[in-house]
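Text of the file protein16.cif, holding mmCIF, C-alpha atoms:
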data_coords
#
loop_
_atom_site.label_atom_id
_atom_site.label_comp_id
_atom_site.auth_asym_id
_atom_site.auth_seq_id
_atom_site.Cartn_x
_atom_site.Cartn_y
_atom_site.Cartn_z
CA MET A 517 0.00 0.00 0.00
CA ASP A 518 1.31 3.44 -0.94
CA GLU A 519 1.94 5.73 2.05
CA GLU A 520 2.13 8.95 -0.01
CA PRO A 521 -1.62 9.83 0.01
CA LEU A 522 -1.72 9.40 3.79
CA SER A 523 1.29 11.69 4.30
CA GLU A 524 -0.25 14.32 2.00
CA TRP A 525 -3.45 14.15 4.02
CA ALA A 526 -1.47 14.57 7.27
CA GLU A 527 0.34 17.61 5.86
CA ARG A 528 -2.97 19.25 4.89
CA ARG A 529 -4.41 18.46 8.33
CA ASP A 530 -1.37 19.88 10.12
CA ALA A 531 -1.47 23.03 7.98
CA LYS A 532 -4.98 23.74 9.30
CA VAL A 533 -3.95 23.55 12.97
CA GLY A 534 -4.42 26.96 14.54
CA ARG A 535 -7.18 28.05 12.14
CA LEU A 536 -9.76 30.26 13.83
CA ARG A 537 -13.50 30.56 13.26
CA ALA A 538 -16.23 32.71 14.78
CA ILE A 539 -19.55 31.18 15.82
CA PRO A 540 -22.49 33.51 16.51
CA LEU A 541 -24.05 33.00 19.93
CA VAL A 542 -27.76 33.06 19.09
CA THR A 543 -30.65 31.16 20.62
CA GLY A 544 -32.92 28.76 18.78
CA ASP A 545 -32.51 26.68 15.67
CA GLY A 546 -32.51 29.66 13.30
CA PRO A 547 -29.83 30.37 10.70
CA LYS A 548 -26.35 30.98 12.09
CA GLY A 549 -24.65 32.56 9.06
CA SER A 550 -21.85 34.98 9.85
CA HIS A 551 -23.59 37.87 8.08
CA LEU A 552 -26.81 37.41 10.09
CA ASN A 553 -27.13 39.15 13.45
CA PRO A 554 -23.99 41.30 13.04
CA ASP A 555 -24.44 42.71 16.56
CA ALA A 556 -24.61 39.26 18.21
CA PRO A 557 -21.59 38.14 20.26
CA ARG A 558 -19.27 35.53 18.73
CA ALA A 559 -17.35 32.65 20.23
CA ILE A 560 -13.89 32.33 18.66
CA GLN A 561 -12.82 28.71 18.22
CA ARG A 562 -9.41 27.29 17.28
CA TRP A 563 -8.80 24.04 15.38
CA ASN A 564 -6.31 21.84 17.27
CA GLY A 565 -6.04 19.17 14.57
CA TYR A 566 -8.86 17.02 15.92
CA SER A 567 -11.64 19.30 17.18
CA TRP A 568 -12.64 22.94 17.62
CA GLU A 569 -11.73 24.28 21.07
CA PRO A 570 -12.66 27.61 22.75
CA HIS A 571 -10.12 30.33 22.03
CA GLY A 572 -11.75 33.69 22.73
CA PHE A 573 -14.77 35.92 22.57
CA ALA A 574 -15.86 38.84 20.35
CA SER A 575 -18.68 41.24 21.13
CA ASN A 576 -19.88 41.54 17.50
CA LEU A 577 -19.09 40.60 13.89
CA ALA A 578 -16.71 43.53 13.29
CA GLU A 579 -14.55 42.60 16.29
CA ALA A 580 -14.60 38.93 15.26
CA LYS A 581 -13.31 39.88 11.79
CA ARG A 582 -10.48 41.89 13.34
CA ILE A 583 -9.47 38.80 15.35
CA LEU A 584 -9.81 36.34 12.45
CA TYR A 585 -8.15 38.52 9.79
CA PRO A 586 -5.59 40.76 11.52
CA GLU A 587 -3.50 41.38 8.38
CA VAL A 588 -6.38 43.12 6.60
CA ILE A 589 -6.50 46.04 9.05
CA GLU A 590 -4.40 48.45 6.96
CA PRO A 591 -5.47 49.07 3.36
CA PRO A 592 -2.66 48.92 0.80
CA ALA A 593 -1.04 52.23 -0.07
CA SER A 594 -2.21 53.53 -3.42
CA GLY A 595 0.31 54.88 -5.87
CA PRO A 596 0.08 56.46 -9.28
CA ALA A 597 -1.80 54.46 -11.88
CA PRO A 598 0.42 52.61 -14.37
CA GLN A 599 0.69 54.10 -17.83
CA LEU A 600 -0.84 51.78 -20.39
CA GLY A 601 0.56 51.73 -23.90
CA ALA A 602 -1.40 51.46 -27.10
CA GLY A 603 -2.61 47.99 -27.88
CA THR A 604 -5.51 45.89 -28.98
CA GLY A 605 -5.98 44.01 -25.71
CA ARG A 606 -5.79 40.27 -25.10
CA HIS A 607 -9.45 39.67 -25.74
CA ARG A 608 -9.43 41.15 -29.24
CA LYS A 609 -8.40 39.48 -32.45
CA PRO A 610 -5.00 40.49 -33.78
CA GLN A 611 -5.07 42.96 -36.62
CA ALA A 612 -4.44 41.66 -40.11
CA PRO A 613 -1.14 42.76 -41.63
CA ARG A 614 -1.36 45.76 -43.94
CA PRO A 615 -0.59 45.22 -47.62
CA GLU A 616 2.57 46.99 -48.84
CA ARG A 617 2.19 49.64 -51.55
#

What would the structure in this file look like if it were written as structure tokens?
Amino acid sequence: MDEEPLSEWAERRDAKVGRLRAIPLVTGDGPKGSHLNPDAPRAIQRWNGYSWEPHGFASNLAEAKRILYPEVIEPPASGPAPQLGAGTGRHRKPQAPRPER
């Protein structure tokens, strides 16, 4: 039996260790999508490789996003727009060669 698929699976599993997710704390069996009830508190859970374990708490969706995606806090600096040269574009057909006179 080839061990390679099992080792690839283990690498993918180990790469997910430490992943965080936010679970809305709402009552009832209603929908629990992240975009619903943006003012509801969130439980932050961390994947330990086998199960989700408690990691933290957020008071609303905006705070949960700041915890889950900390690198997105600062928008990229905008610079001058690049100068585009003349061209036909990739999606257009190339022009036919002109006949010589």

| Any idea what the distance is between atom CA of Gln561 of chain A and atom CA of Val533 of chain A? |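 According to the coordinates, atom CA of Gln561 of chain A and atom CA of Val533 of chain A are separated by 11.5 Å.
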
| said: Env of Asn564 of chain A: 9 Å cut, atoms = all atoms listed in the file, seq-sep filter 5 positions within chain, self excluded. Answer as a PyMOL selection string. | reply: chain A and resi 530+532-535+569

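If all atoms listed in the file are the atoms counted, then among A:Pro613, A:Gly565, A:Pro557, A:Gly549 the closest residue to Trp525 of chain A is A:Gly565.
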
| In Å, with one decimal, what is the gap from atom CA of Ile583 of chain A to atom CA of Arg562 of chain A? | 11.7 Å

| Which of A:Leu536, A:Ala580, A:Pro521, A:Ser594 sits closest to Arg558 of chain A [using only C-alpha atoms] |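 Smallest separation from Arg558 of chain A among the options: A:Ala580.
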
| request: Find, counting all atoms listed in the file, the residue in A:Ala538, A:Arg529, A:Ala597, A:Leu522 that gets nearest to His551 of chain A. | output: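 Closest to His551 of chain A of all the choices is A:Ala538.
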
| request: Considering only C-alpha atoms, state which residue in the set A:Ala556, A:Ala531, A:Ala612, A:Gly544 is at the smallest distance from Glu579 of chain A. | output: A:Ala556

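Going from atom CA of Thr543 of chain A to atom CA of His571 of chain A covers 20.6 Å.
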
| request: Pick out the closest residue to Leu541 of chain A from this set: A:Ala578, A:Gln599, A:Asn553, A:Ala526. Count all atoms listed in the file. | output: A:Asn553

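For the choices A:Ser550, A:Pro615, A:Ser523, A:Asp545, the atom-to-atom distance to Lys581 of chain A is smallest for A:Ser550 when using all atoms listed in the file.
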